[in-house]
file data_19.cif (mmCIF, N, CA, C and O atoms)
data_target
#
loop_
_atom_site.label_atom_id
_atom_site.label_comp_id
_atom_site.auth_asym_id
_atom_site.auth_seq_id
_atom_site.Cartn_x
_atom_site.Cartn_y
_atom_site.Cartn_z
N MET A 1 -66.28 -43.77 53.77
CA MET A 1 -65.31 -42.91 53.14
C MET A 1 -64.07 -42.85 54.04
O MET A 1 -64.13 -42.37 55.16
N LYS A 2 -62.95 -43.34 53.52
CA LYS A 2 -61.73 -43.42 54.32
C LYS A 2 -61.15 -42.04 54.60
O LYS A 2 -60.74 -41.75 55.71
N TYR A 3 -61.09 -41.19 53.58
CA TYR A 3 -60.53 -39.85 53.74
C TYR A 3 -61.57 -38.82 53.30
O TYR A 3 -61.71 -38.55 52.11
N PRO A 4 -62.30 -38.26 54.23
CA PRO A 4 -63.42 -37.36 53.89
C PRO A 4 -62.97 -35.92 53.61
O PRO A 4 -63.55 -34.96 54.11
N TYR A 5 -61.94 -35.75 52.79
CA TYR A 5 -61.39 -34.41 52.57
C TYR A 5 -62.36 -33.47 51.88
O TYR A 5 -62.37 -32.27 52.16
N LYS A 6 -63.19 -33.99 50.99
CA LYS A 6 -64.16 -33.12 50.32
C LYS A 6 -65.16 -32.56 51.33
O LYS A 6 -65.45 -31.37 51.32
N THR A 7 -65.64 -33.41 52.21
CA THR A 7 -66.58 -32.96 53.24
C THR A 7 -65.93 -31.93 54.16
O THR A 7 -66.51 -30.88 54.45
N ILE A 8 -64.72 -32.23 54.59
CA ILE A 8 -64.00 -31.30 55.48
C ILE A 8 -63.74 -29.98 54.77
O ILE A 8 -63.90 -28.90 55.35
N PHE A 9 -63.36 -30.04 53.49
CA PHE A 9 -63.10 -28.82 52.72
C PHE A 9 -64.35 -27.94 52.65
O PHE A 9 -64.30 -26.74 52.94
N PHE A 10 -65.49 -28.54 52.28
CA PHE A 10 -66.71 -27.74 52.13
C PHE A 10 -67.23 -27.24 53.48
O PHE A 10 -67.74 -26.11 53.57
N LEU A 11 -67.09 -28.03 54.53
CA LEU A 11 -67.46 -27.55 55.87
C LEU A 11 -66.58 -26.38 56.29
O LEU A 11 -67.07 -25.41 56.88
N THR A 12 -65.31 -26.47 55.99
CA THR A 12 -64.39 -25.37 56.31
C THR A 12 -64.77 -24.10 55.56
O THR A 12 -64.76 -23.01 56.12
N LEU A 13 -65.12 -24.24 54.28
CA LEU A 13 -65.59 -23.09 53.50
C LEU A 13 -66.80 -22.44 54.17
O LEU A 13 -66.87 -21.20 54.31
N LEU A 14 -67.76 -23.26 54.59
CA LEU A 14 -68.97 -22.74 55.22
C LEU A 14 -68.67 -22.05 56.55
O LEU A 14 -69.22 -20.98 56.84
N ILE A 15 -67.81 -22.64 57.35
CA ILE A 15 -67.46 -22.05 58.64
C ILE A 15 -66.75 -20.72 58.44
O ILE A 15 -67.07 -19.73 59.11
N ILE A 16 -65.81 -20.66 57.50
CA ILE A 16 -65.10 -19.40 57.24
C ILE A 16 -66.07 -18.35 56.73
O ILE A 16 -66.03 -17.19 57.15
N GLU A 17 -66.96 -18.75 55.83
CA GLU A 17 -67.96 -17.80 55.31
C GLU A 17 -68.83 -17.26 56.44
O GLU A 17 -69.09 -16.06 56.52
N PHE A 18 -69.26 -18.13 57.32
CA PHE A 18 -70.09 -17.69 58.45
C PHE A 18 -69.33 -16.72 59.35
O PHE A 18 -69.84 -15.65 59.69
N LEU A 19 -68.12 -17.08 59.72
CA LEU A 19 -67.33 -16.21 60.60
C LEU A 19 -67.00 -14.88 59.93
O LEU A 19 -66.97 -13.85 60.59
N ALA A 20 -66.78 -14.90 58.62
CA ALA A 20 -66.42 -13.69 57.90
C ALA A 20 -67.59 -12.74 57.68
O ALA A 20 -67.40 -11.54 57.52
N THR A 21 -68.81 -13.27 57.70
CA THR A 21 -69.96 -12.42 57.41
C THR A 21 -70.88 -12.19 58.61
O THR A 21 -71.83 -11.42 58.51
N ALA A 22 -70.59 -12.84 59.73
CA ALA A 22 -71.41 -12.63 60.93
C ALA A 22 -71.16 -11.22 61.45
O ALA A 22 -70.03 -10.76 61.52
N THR A 23 -72.22 -10.54 61.77
CA THR A 23 -72.08 -9.18 62.28
C THR A 23 -72.38 -9.09 63.77
O THR A 23 -71.97 -8.15 64.43
N LYS A 24 -73.12 -10.05 64.30
CA LYS A 24 -73.46 -10.05 65.72
C LYS A 24 -73.44 -11.48 66.25
O LYS A 24 -73.65 -12.43 65.51
N GLY A 25 -73.22 -11.60 67.54
CA GLY A 25 -73.39 -12.88 68.21
C GLY A 25 -72.23 -13.84 68.08
O GLY A 25 -72.27 -14.91 68.65
N VAL A 26 -71.20 -13.47 67.32
CA VAL A 26 -70.05 -14.35 67.19
C VAL A 26 -68.83 -13.58 67.69
O VAL A 26 -68.53 -12.51 67.20
N GLU A 27 -68.18 -14.16 68.69
CA GLU A 27 -66.96 -13.54 69.19
C GLU A 27 -65.91 -13.67 68.10
O GLU A 27 -65.72 -14.73 67.53
N GLN A 28 -65.23 -12.58 67.81
CA GLN A 28 -64.20 -12.64 66.78
C GLN A 28 -63.02 -13.43 67.31
O GLN A 28 -62.49 -13.14 68.38
N ILE A 29 -62.64 -14.43 66.56
CA ILE A 29 -61.50 -15.25 66.93
C ILE A 29 -60.28 -14.68 66.21
O ILE A 29 -60.26 -14.61 64.99
N THR A 30 -59.30 -14.26 66.96
CA THR A 30 -58.11 -13.72 66.34
C THR A 30 -56.88 -14.42 66.88
O THR A 30 -56.88 -14.96 67.97
N LEU A 31 -55.85 -14.42 66.09
CA LEU A 31 -54.57 -14.98 66.51
C LEU A 31 -53.62 -13.84 66.88
O LEU A 31 -52.43 -13.97 66.81
N GLY A 32 -54.19 -12.70 67.28
CA GLY A 32 -53.38 -11.56 67.66
C GLY A 32 -53.32 -10.52 66.56
O GLY A 32 -53.20 -9.35 66.83
N TRP A 33 -53.37 -10.95 65.33
CA TRP A 33 -53.35 -10.04 64.19
C TRP A 33 -54.28 -10.61 63.15
O TRP A 33 -54.12 -11.76 62.71
N ASP A 34 -55.25 -9.83 62.72
CA ASP A 34 -56.29 -10.30 61.79
C ASP A 34 -55.71 -10.92 60.53
O ASP A 34 -56.23 -11.90 60.02
N LYS A 35 -54.63 -10.38 60.03
CA LYS A 35 -54.04 -10.90 58.79
C LYS A 35 -53.51 -12.32 58.98
O LYS A 35 -53.51 -13.12 58.05
N LEU A 36 -53.10 -12.64 60.20
CA LEU A 36 -52.65 -14.00 60.49
C LEU A 36 -53.81 -14.99 60.38
O LEU A 36 -53.63 -16.12 59.95
N ASN A 37 -55.02 -14.55 60.76
CA ASN A 37 -56.22 -15.38 60.58
C ASN A 37 -56.42 -15.72 59.10
O ASN A 37 -56.72 -16.86 58.75
N HIS A 38 -56.28 -14.71 58.26
CA HIS A 38 -56.45 -14.91 56.81
C HIS A 38 -55.38 -15.87 56.28
O HIS A 38 -55.69 -16.78 55.52
N LEU A 39 -54.14 -15.64 56.68
CA LEU A 39 -53.05 -16.50 56.24
C LEU A 39 -53.29 -17.95 56.65
O LEU A 39 -53.17 -18.86 55.82
N ALA A 40 -53.68 -18.15 57.89
CA ALA A 40 -53.92 -19.52 58.39
C ALA A 40 -55.11 -20.16 57.68
O ALA A 40 -55.03 -21.32 57.24
N ALA A 41 -56.20 -19.42 57.55
CA ALA A 41 -57.41 -19.97 56.93
C ALA A 41 -57.16 -20.38 55.49
O ALA A 41 -57.56 -21.47 55.06
N PHE A 42 -56.48 -19.54 54.73
CA PHE A 42 -56.30 -19.85 53.31
C PHE A 42 -55.18 -20.88 53.09
O PHE A 42 -55.21 -21.59 52.08
N SER A 43 -54.26 -20.99 54.01
CA SER A 43 -53.30 -22.09 53.94
C SER A 43 -54.02 -23.42 54.12
O SER A 43 -53.82 -24.36 53.35
N VAL A 44 -54.87 -23.48 55.13
CA VAL A 44 -55.64 -24.70 55.38
C VAL A 44 -56.58 -24.98 54.21
O VAL A 44 -56.70 -26.13 53.77
N LEU A 45 -57.23 -23.96 53.69
CA LEU A 45 -58.13 -24.17 52.55
C LEU A 45 -57.38 -24.73 51.34
O LEU A 45 -57.86 -25.64 50.67
N TYR A 46 -56.20 -24.18 51.06
CA TYR A 46 -55.44 -24.70 49.91
C TYR A 46 -55.07 -26.16 50.12
O TYR A 46 -55.19 -26.97 49.20
N ILE A 47 -54.62 -26.50 51.31
CA ILE A 47 -54.23 -27.88 51.59
C ILE A 47 -55.44 -28.81 51.48
O ILE A 47 -55.37 -29.87 50.84
N LEU A 48 -56.56 -28.43 52.09
CA LEU A 48 -57.76 -29.26 52.00
C LEU A 48 -58.27 -29.38 50.57
O LEU A 48 -58.68 -30.46 50.13
N PHE A 49 -58.24 -28.27 49.84
CA PHE A 49 -58.67 -28.28 48.43
C PHE A 49 -57.80 -29.25 47.64
O PHE A 49 -58.29 -30.05 46.84
N SER A 50 -56.49 -29.20 47.89
CA SER A 50 -55.57 -30.07 47.17
C SER A 50 -55.75 -31.54 47.55
O SER A 50 -55.63 -32.42 46.68
N LEU A 51 -56.04 -31.81 48.80
CA LEU A 51 -56.29 -33.19 49.22
C LEU A 51 -57.62 -33.72 48.67
O LEU A 51 -57.72 -34.89 48.29
N ALA A 52 -58.61 -32.86 48.64
CA ALA A 52 -59.95 -33.27 48.20
C ALA A 52 -60.06 -33.40 46.69
O ALA A 52 -60.79 -34.25 46.19
N PHE A 53 -59.35 -32.56 45.97
CA PHE A 53 -59.45 -32.52 44.51
C PHE A 53 -58.06 -32.54 43.89
O PHE A 53 -57.62 -31.54 43.31
N ARG A 54 -57.39 -33.65 44.01
CA ARG A 54 -56.01 -33.78 43.52
C ARG A 54 -55.90 -33.56 42.02
O ARG A 54 -54.85 -33.14 41.53
N GLN A 55 -56.96 -33.83 41.27
CA GLN A 55 -56.92 -33.72 39.82
C GLN A 55 -57.06 -32.27 39.33
O GLN A 55 -56.79 -31.98 38.17
N VAL A 56 -57.47 -31.35 40.19
CA VAL A 56 -57.65 -29.94 39.80
C VAL A 56 -56.28 -29.27 39.73
O VAL A 56 -55.43 -29.46 40.61
N SER A 57 -56.06 -28.49 38.70
CA SER A 57 -54.76 -27.84 38.52
C SER A 57 -54.49 -26.81 39.61
O SER A 57 -55.42 -26.24 40.20
N VAL A 58 -53.23 -26.57 39.86
CA VAL A 58 -52.81 -25.58 40.85
C VAL A 58 -53.36 -24.20 40.48
O VAL A 58 -53.88 -23.48 41.34
N VAL A 59 -53.28 -23.85 39.21
CA VAL A 59 -53.76 -22.54 38.76
C VAL A 59 -55.25 -22.38 39.07
O VAL A 59 -55.67 -21.34 39.59
N LEU A 60 -56.05 -23.40 38.79
CA LEU A 60 -57.48 -23.31 39.05
C LEU A 60 -57.76 -23.21 40.55
O LEU A 60 -58.62 -22.43 40.98
N LYS A 61 -57.04 -23.97 41.36
CA LYS A 61 -57.21 -23.88 42.82
C LYS A 61 -56.92 -22.47 43.30
O LYS A 61 -57.68 -21.90 44.10
N VAL A 62 -55.81 -21.90 42.83
CA VAL A 62 -55.42 -20.55 43.25
C VAL A 62 -56.48 -19.53 42.82
O VAL A 62 -56.90 -18.69 43.62
N VAL A 63 -56.92 -19.61 41.58
CA VAL A 63 -57.93 -18.67 41.07
C VAL A 63 -59.22 -18.78 41.88
O VAL A 63 -59.80 -17.76 42.28
N LEU A 64 -59.68 -19.99 42.13
CA LEU A 64 -60.93 -20.18 42.87
C LEU A 64 -60.81 -19.70 44.31
O LEU A 64 -61.75 -19.07 44.85
N LEU A 65 -59.68 -19.94 44.95
CA LEU A 65 -59.52 -19.49 46.33
C LEU A 65 -59.39 -17.96 46.41
O LEU A 65 -59.92 -17.35 47.34
N ILE A 66 -58.72 -17.35 45.46
CA ILE A 66 -58.66 -15.88 45.43
C ILE A 66 -60.06 -15.31 45.20
O ILE A 66 -60.46 -14.34 45.86
N ALA A 67 -60.82 -15.92 44.30
CA ALA A 67 -62.20 -15.47 44.05
C ALA A 67 -63.04 -15.61 45.32
O ALA A 67 -63.86 -14.73 45.64
N TYR A 68 -62.84 -16.69 46.06
CA TYR A 68 -63.56 -16.90 47.33
C TYR A 68 -63.20 -15.79 48.32
O TYR A 68 -64.08 -15.21 48.96
N GLY A 69 -61.92 -15.48 48.44
CA GLY A 69 -61.49 -14.41 49.33
C GLY A 69 -62.06 -13.05 48.92
O GLY A 69 -62.51 -12.27 49.76
N LEU A 70 -62.06 -12.78 47.63
CA LEU A 70 -62.65 -11.52 47.13
C LEU A 70 -64.14 -11.47 47.41
O LEU A 70 -64.69 -10.42 47.78
N GLN A 71 -64.82 -12.60 47.23
CA GLN A 71 -66.26 -12.67 47.50
C GLN A 71 -66.54 -12.31 48.95
O GLN A 71 -67.49 -11.58 49.25
N ILE A 72 -65.73 -12.82 49.86
CA ILE A 72 -65.91 -12.51 51.28
C ILE A 72 -65.72 -11.01 51.51
O ILE A 72 -66.52 -10.38 52.20
N GLU A 73 -64.67 -10.44 50.94
CA GLU A 73 -64.41 -9.01 51.15
C GLU A 73 -65.50 -8.14 50.54
O GLU A 73 -65.89 -7.13 51.14
N ILE A 74 -66.01 -8.51 49.39
CA ILE A 74 -67.10 -7.75 48.77
C ILE A 74 -68.35 -7.83 49.64
O ILE A 74 -69.03 -6.83 49.88
N ALA A 75 -68.65 -9.02 50.15
CA ALA A 75 -69.81 -9.16 51.05
C ALA A 75 -69.62 -8.31 52.30
O ALA A 75 -70.57 -7.66 52.77
N GLN A 76 -68.41 -8.29 52.84
CA GLN A 76 -68.15 -7.50 54.05
C GLN A 76 -68.32 -6.01 53.81
O GLN A 76 -68.67 -5.27 54.72
N HIS A 77 -68.10 -5.57 52.58
CA HIS A 77 -68.30 -4.16 52.25
C HIS A 77 -69.74 -3.71 52.53
O HIS A 77 -69.98 -2.57 52.90
N PHE A 78 -70.67 -4.63 52.37
CA PHE A 78 -72.09 -4.31 52.54
C PHE A 78 -72.62 -4.69 53.93
O PHE A 78 -73.82 -4.57 54.17
N LEU A 79 -71.76 -5.15 54.84
CA LEU A 79 -72.17 -5.60 56.17
C LEU A 79 -71.54 -4.75 57.26
O LEU A 79 -70.42 -5.03 57.69
N PRO A 80 -72.23 -3.70 57.70
CA PRO A 80 -71.68 -2.93 58.81
C PRO A 80 -71.58 -3.81 60.04
O PRO A 80 -72.47 -4.63 60.25
N PRO A 81 -70.59 -3.75 60.84
CA PRO A 81 -69.43 -2.85 60.84
C PRO A 81 -68.26 -3.38 60.03
O PRO A 81 -67.15 -2.87 60.14
N ARG A 82 -68.47 -4.37 59.21
CA ARG A 82 -67.39 -4.95 58.39
C ARG A 82 -67.03 -3.99 57.27
O ARG A 82 -67.78 -3.07 56.96
N GLU A 83 -65.89 -4.25 56.63
CA GLU A 83 -65.48 -3.43 55.50
C GLU A 83 -64.56 -4.22 54.58
O GLU A 83 -63.95 -5.20 54.99
N PHE A 84 -64.48 -3.79 53.33
CA PHE A 84 -63.58 -4.40 52.36
C PHE A 84 -62.15 -4.04 52.72
O PHE A 84 -61.86 -2.90 53.07
N SER A 85 -61.25 -5.01 52.63
CA SER A 85 -59.84 -4.75 52.91
C SER A 85 -58.96 -5.44 51.88
O SER A 85 -58.94 -6.68 51.80
N LEU A 86 -58.24 -4.63 51.12
CA LEU A 86 -57.31 -5.18 50.14
C LEU A 86 -56.17 -5.93 50.85
O LEU A 86 -55.66 -6.92 50.34
N LEU A 87 -55.80 -5.47 52.05
CA LEU A 87 -54.76 -6.17 52.81
C LEU A 87 -55.21 -7.57 53.21
O LEU A 87 -54.39 -8.49 53.29
N ASP A 88 -56.51 -7.75 53.46
CA ASP A 88 -57.03 -9.09 53.74
C ASP A 88 -56.89 -10.00 52.53
O ASP A 88 -56.53 -11.17 52.66
N VAL A 89 -57.15 -9.47 51.35
CA VAL A 89 -57.01 -10.25 50.12
C VAL A 89 -55.55 -10.64 49.92
O VAL A 89 -55.25 -11.78 49.54
N ILE A 90 -54.64 -9.72 50.20
CA ILE A 90 -53.21 -10.02 50.08
C ILE A 90 -52.82 -11.09 51.09
O ILE A 90 -52.07 -12.02 50.76
N ALA A 91 -53.34 -10.99 52.31
CA ALA A 91 -53.07 -12.03 53.32
C ALA A 91 -53.64 -13.38 52.87
O ALA A 91 -53.00 -14.42 53.10
N ASP A 92 -54.80 -13.37 52.23
CA ASP A 92 -55.37 -14.61 51.67
C ASP A 92 -54.42 -15.21 50.64
O ASP A 92 -54.16 -16.42 50.64
N MET A 93 -53.89 -14.37 49.76
CA MET A 93 -52.97 -14.84 48.72
C MET A 93 -51.69 -15.41 49.33
O MET A 93 -51.18 -16.44 48.86
N LEU A 94 -51.18 -14.75 50.34
CA LEU A 94 -49.99 -15.27 51.02
C LEU A 94 -50.29 -16.61 51.68
O LEU A 94 -49.44 -17.51 51.70
N GLY A 95 -51.50 -16.74 52.23
CA GLY A 95 -51.91 -18.01 52.82
C GLY A 95 -51.98 -19.12 51.79
O GLY A 95 -51.54 -20.25 52.04
N ILE A 96 -52.49 -18.80 50.61
CA ILE A 96 -52.54 -19.78 49.52
C ILE A 96 -51.12 -20.19 49.14
O ILE A 96 -50.83 -21.38 48.98
N LEU A 97 -50.22 -19.23 49.03
CA LEU A 97 -48.83 -19.52 48.70
C LEU A 97 -48.19 -20.41 49.76
O LEU A 97 -47.51 -21.40 49.44
N PHE A 98 -48.42 -20.08 51.02
CA PHE A 98 -47.89 -20.89 52.12
C PHE A 98 -48.46 -22.30 52.06
O PHE A 98 -47.74 -23.29 52.21
N GLY A 99 -49.77 -22.42 51.81
CA GLY A 99 -50.40 -23.73 51.68
C GLY A 99 -49.82 -24.54 50.54
O GLY A 99 -49.65 -25.75 50.64
N PHE A 100 -49.50 -23.84 49.44
CA PHE A 100 -48.88 -24.50 48.28
C PHE A 100 -47.57 -25.17 48.68
O PHE A 100 -47.27 -26.29 48.27
N PHE A 101 -46.76 -24.48 49.48
CA PHE A 101 -45.47 -25.03 49.88
C PHE A 101 -45.59 -26.10 50.97
O PHE A 101 -44.76 -27.00 51.05
N ILE A 102 -46.63 -26.01 51.78
CA ILE A 102 -46.83 -26.99 52.86
C ILE A 102 -47.52 -28.26 52.35
O ILE A 102 -47.31 -29.35 52.88
N TYR A 103 -48.31 -28.13 51.29
CA TYR A 103 -49.11 -29.26 50.80
C TYR A 103 -48.32 -30.56 50.57
O TYR A 103 -48.78 -31.62 50.98
N PRO A 104 -47.15 -30.53 49.94
CA PRO A 104 -46.45 -31.81 49.72
C PRO A 104 -46.17 -32.56 51.02
O PRO A 104 -46.24 -33.79 51.06
N TYR A 105 -45.89 -31.83 52.08
CA TYR A 105 -45.65 -32.48 53.38
C TYR A 105 -46.95 -33.00 53.99
O TYR A 105 -46.98 -34.10 54.55
N ALA A 106 -48.02 -32.23 53.85
CA ALA A 106 -49.32 -32.65 54.35
C ALA A 106 -49.82 -33.88 53.60
O ALA A 106 -50.41 -34.79 54.20
N ALA A 107 -49.56 -33.93 52.30
CA ALA A 107 -50.01 -35.05 51.48
C ALA A 107 -49.36 -36.36 51.90
O ALA A 107 -49.96 -37.42 51.82
N LYS A 108 -48.12 -36.29 52.38
CA LYS A 108 -47.43 -37.50 52.85
C LYS A 108 -48.13 -38.10 54.05
O LYS A 108 -48.22 -39.32 54.19
N PHE A 109 -48.64 -37.24 54.94
CA PHE A 109 -49.34 -37.72 56.14
C PHE A 109 -50.77 -38.14 55.84
O PHE A 109 -51.38 -38.86 56.61
N ALA A 110 -51.31 -37.69 54.72
CA ALA A 110 -52.71 -37.95 54.39
C ALA A 110 -52.92 -39.25 53.63
O ALA A 110 -54.04 -39.60 53.31
N LYS A 111 -51.85 -39.96 53.33
CA LYS A 111 -51.99 -41.20 52.54
C LYS A 111 -52.61 -42.30 53.33
O LYS A 111 -52.59 -42.48 54.45
#
call {"tool": "encode", "arguments": {"input": "data_19.cif", "output": "structure tokens"}}
result
Amino acid sequence: MKYPYKTIFFLTLLIIEFLATATKGVEQITLGWDKLNHLAAFSVLYILFSLAFRQVSVVLKVVLLIAYGLQIEIAQHFLPPREFSLLDVIADMLGILFGFFIYPYAAKFAK
């Protein structure tokens, strides 16, 4: 496989899910502000999703990534000391938007 974007995309989903739902034993990795983590993660997810599944519409990618972010926040609601955060979901959405604008440049390097 010359460009393993599907594998990288799904591995990234699993790693983010693990980090988002781990309650013990994982040092929290932050970029100084938690919302920046969300923005960065969902920008990368959008770009990888777009590289891996070029035929999927932008609308479907956005809907699925927002649903993924909501799923994480709902799971965190039930995992002490984690909690649901609407601001995290908004940061996820901003990350998706940022990824949307960065994708055309990333796609040029991915050829």
call {"tool": "residues_around", "arguments": {"input": "data_19.cif", "residues": "A:Leu51", "least_positions_apart": "6", "cutoff": "7 Å", "atoms": "all atoms listed in the file", "output": "mmCIF file with N, CA, C and O atoms, in the frame of the given file"}}
result
data_model
loop_
_atom_site.group_PDB
_atom_site.id
_atom_site.type_symbol
_atom_site.label_atom_id
_atom_site.label_comp_id
_atom_site.auth_asym_id
_atom_site.auth_seq_id
_atom_site.Cartn_x
_atom_site.Cartn_y
_atom_site.Cartn_z
ATOM 1 N N TYR A 3 -61.090 -41.190 53.580
ATOM 2 C CA TYR A 3 -60.530 -39.850 53.740
ATOM 3 C C TYR A 3 -61.570 -38.820 53.300
ATOM 4 O O TYR A 3 -61.710 -38.550 52.110
ATOM 5 N N TYR A 5 -61.940 -35.750 52.790
ATOM 6 C CA TYR A 5 -61.390 -34.410 52.570
ATOM 7 C C TYR A 5 -62.360 -33.470 51.880
ATOM 8 O O TYR A 5 -62.370 -32.270 52.160
ATOM 9 N N LYS A 6 -63.190 -33.990 50.990
ATOM 10 C CA LYS A 6 -64.160 -33.120 50.320
ATOM 11 C C LYS A 6 -65.160 -32.560 51.330
ATOM 12 O O LYS A 6 -65.450 -31.370 51.320
ATOM 13 N N LEU A 45 -57.230 -23.960 53.690
ATOM 14 C CA LEU A 45 -58.130 -24.170 52.550
ATOM 15 C C LEU A 45 -57.380 -24.730 51.340
ATOM 16 O O LEU A 45 -57.860 -25.640 50.670
ATOM 17 N N ALA A 107 -49.560 -33.930 52.300
ATOM 18 C CA ALA A 107 -50.010 -35.050 51.480
ATOM 19 C C ALA A 107 -49.360 -36.360 51.900
ATOM 20 O O ALA A 107 -49.960 -37.420 51.820
#
call {"tool": "residues_around", "arguments": {"input": "data_19.cif", "residues": "stretch 32-37 of chain A", "least_positions_apart": "4", "cutoff": "10 Å", "atoms": "only C-alpha atoms", "output": "list of chain:residue names"}}
result
A:Gln28, A:Ala41, A:Phe42, A:Ser43, A:Leu87, A:Asp88, A:Val89, A:Ile90, A:Ala91, A:Asp92, A:Leu94, A:Gly95
call {"tool": "residues_around", "arguments": {"input": "data_19.cif", "residues": "stretch 8-18 of chain A", "least_positions_apart": "6", "cutoff": "7 Å", "atoms": "all atoms listed in the file", "output": "PDB file with N, CA, C and O atoms, keeping the file's coordinate frame"}}
result
ATOM      1  N   LEU A  45     -57.230 -23.960  53.690  1.00  0.00           N
ATOM      2  CA  LEU A  45     -58.130 -24.170  52.550  1.00  0.00           C
ATOM      3  C   LEU A  45     -57.380 -24.730  51.340  1.00  0.00           C
ATOM      4  O   LEU A  45     -57.860 -25.640  50.670  1.00  0.00           O
ATOM      5  N   LEU A  48     -56.560 -28.430  52.090  1.00  0.00           N
ATOM      6  CA  LEU A  48     -57.760 -29.260  52.000  1.00  0.00           C
ATOM      7  C   LEU A  48     -58.270 -29.380  50.570  1.00  0.00           C
ATOM      8  O   LEU A  48     -58.680 -30.460  50.130  1.00  0.00           O
ATOM      9  N   PHE A  49     -58.240 -28.270  49.840  1.00  0.00           N
ATOM     10  CA  PHE A  49     -58.670 -28.280  48.430  1.00  0.00           C
ATOM     11  C   PHE A  49     -57.800 -29.250  47.640  1.00  0.00           C
ATOM     12  O   PHE A  49     -58.290 -30.050  46.840  1.00  0.00           O
ATOM     13  N   ILE A  72     -65.730 -12.820  49.860  1.00  0.00           N
ATOM     14  CA  ILE A  72     -65.910 -12.510  51.280  1.00  0.00           C
ATOM     15  C   ILE A  72     -65.720 -11.010  51.510  1.00  0.00           C
ATOM     16  O   ILE A  72     -66.520 -10.380  52.200  1.00  0.00           O
TER      17      ILE A  72
END
call {"tool": "select_by_dssp", "arguments": {"input": "data_19.cif", "residues": "stretch 36-107 of chain A", "states": "helix (DSSP H, G or I)", "output": "ChimeraX atom specification"}}
result
/A:36-52,58-77,86-107
call {"tool": "atom_distance", "arguments": {"input": "data_19.cif", "atom1": "atom O of A:Val59", "atom2": "atom N of A:Phe101"}}
result
13.7 Å
call {"tool": "residues_near_point", "arguments": {"input": "data_19.cif", "point": "(-60.0, -26.4, 43.2)", "cutoff": "10 Å", "atoms": "only C-alpha atoms", "output": "number ranges by chain"}}
result
A: 45-46, 48-65
call {"tool": "closest_residue", "arguments": {"input": "data_19.cif", "among": "A:Val44, A:Gln71, A:Leu39, A:Pro81", "to": "A:Thr23", "atoms": "only N, CA, C and O atoms"}}
result
A:Pro81
call {"tool": "atom_distance", "arguments": {"input": "data_19.cif", "atom1": "atom CA of A:Thr21", "atom2": "atom CA of A:Gln76"}}
result
6.2 Å
call {"tool": "atom_distance", "arguments": {"input": "data_19.cif", "atom1": "atom O of A:Leu70", "atom2": "atom N of A:Thr7"}}
result
23.4 Å
call {"tool": "axis_aligned_box", "arguments": {"input": "data_19.cif", "around": "stretch 39-47 of chain A", "padding_each_side": "4 Å", "output": "lines of an AutoDock Vina configuration file"}}
result
center_x = -55.6
center_y = -22.8
center_z = 53.8
size_x = 13.1
size_y = 22.2
size_z = 17.2
call {"tool": "closest_residue", "arguments": {"input": "data_19.cif", "among": "A:Ala22, A:Ser85, A:Ile47, A:His77", "to": "A:Ala106", "atoms": "only C-alpha atoms"}}
result
A:Ile47
call {"tool": "closest_residue", "arguments": {"input": "data_19.cif", "among": "A:Ile96, A:Ala20, A:Pro4, A:Ala40", "to": "A:Ala75", "atoms": "all atoms listed in the file"}}
result
A:Ala20
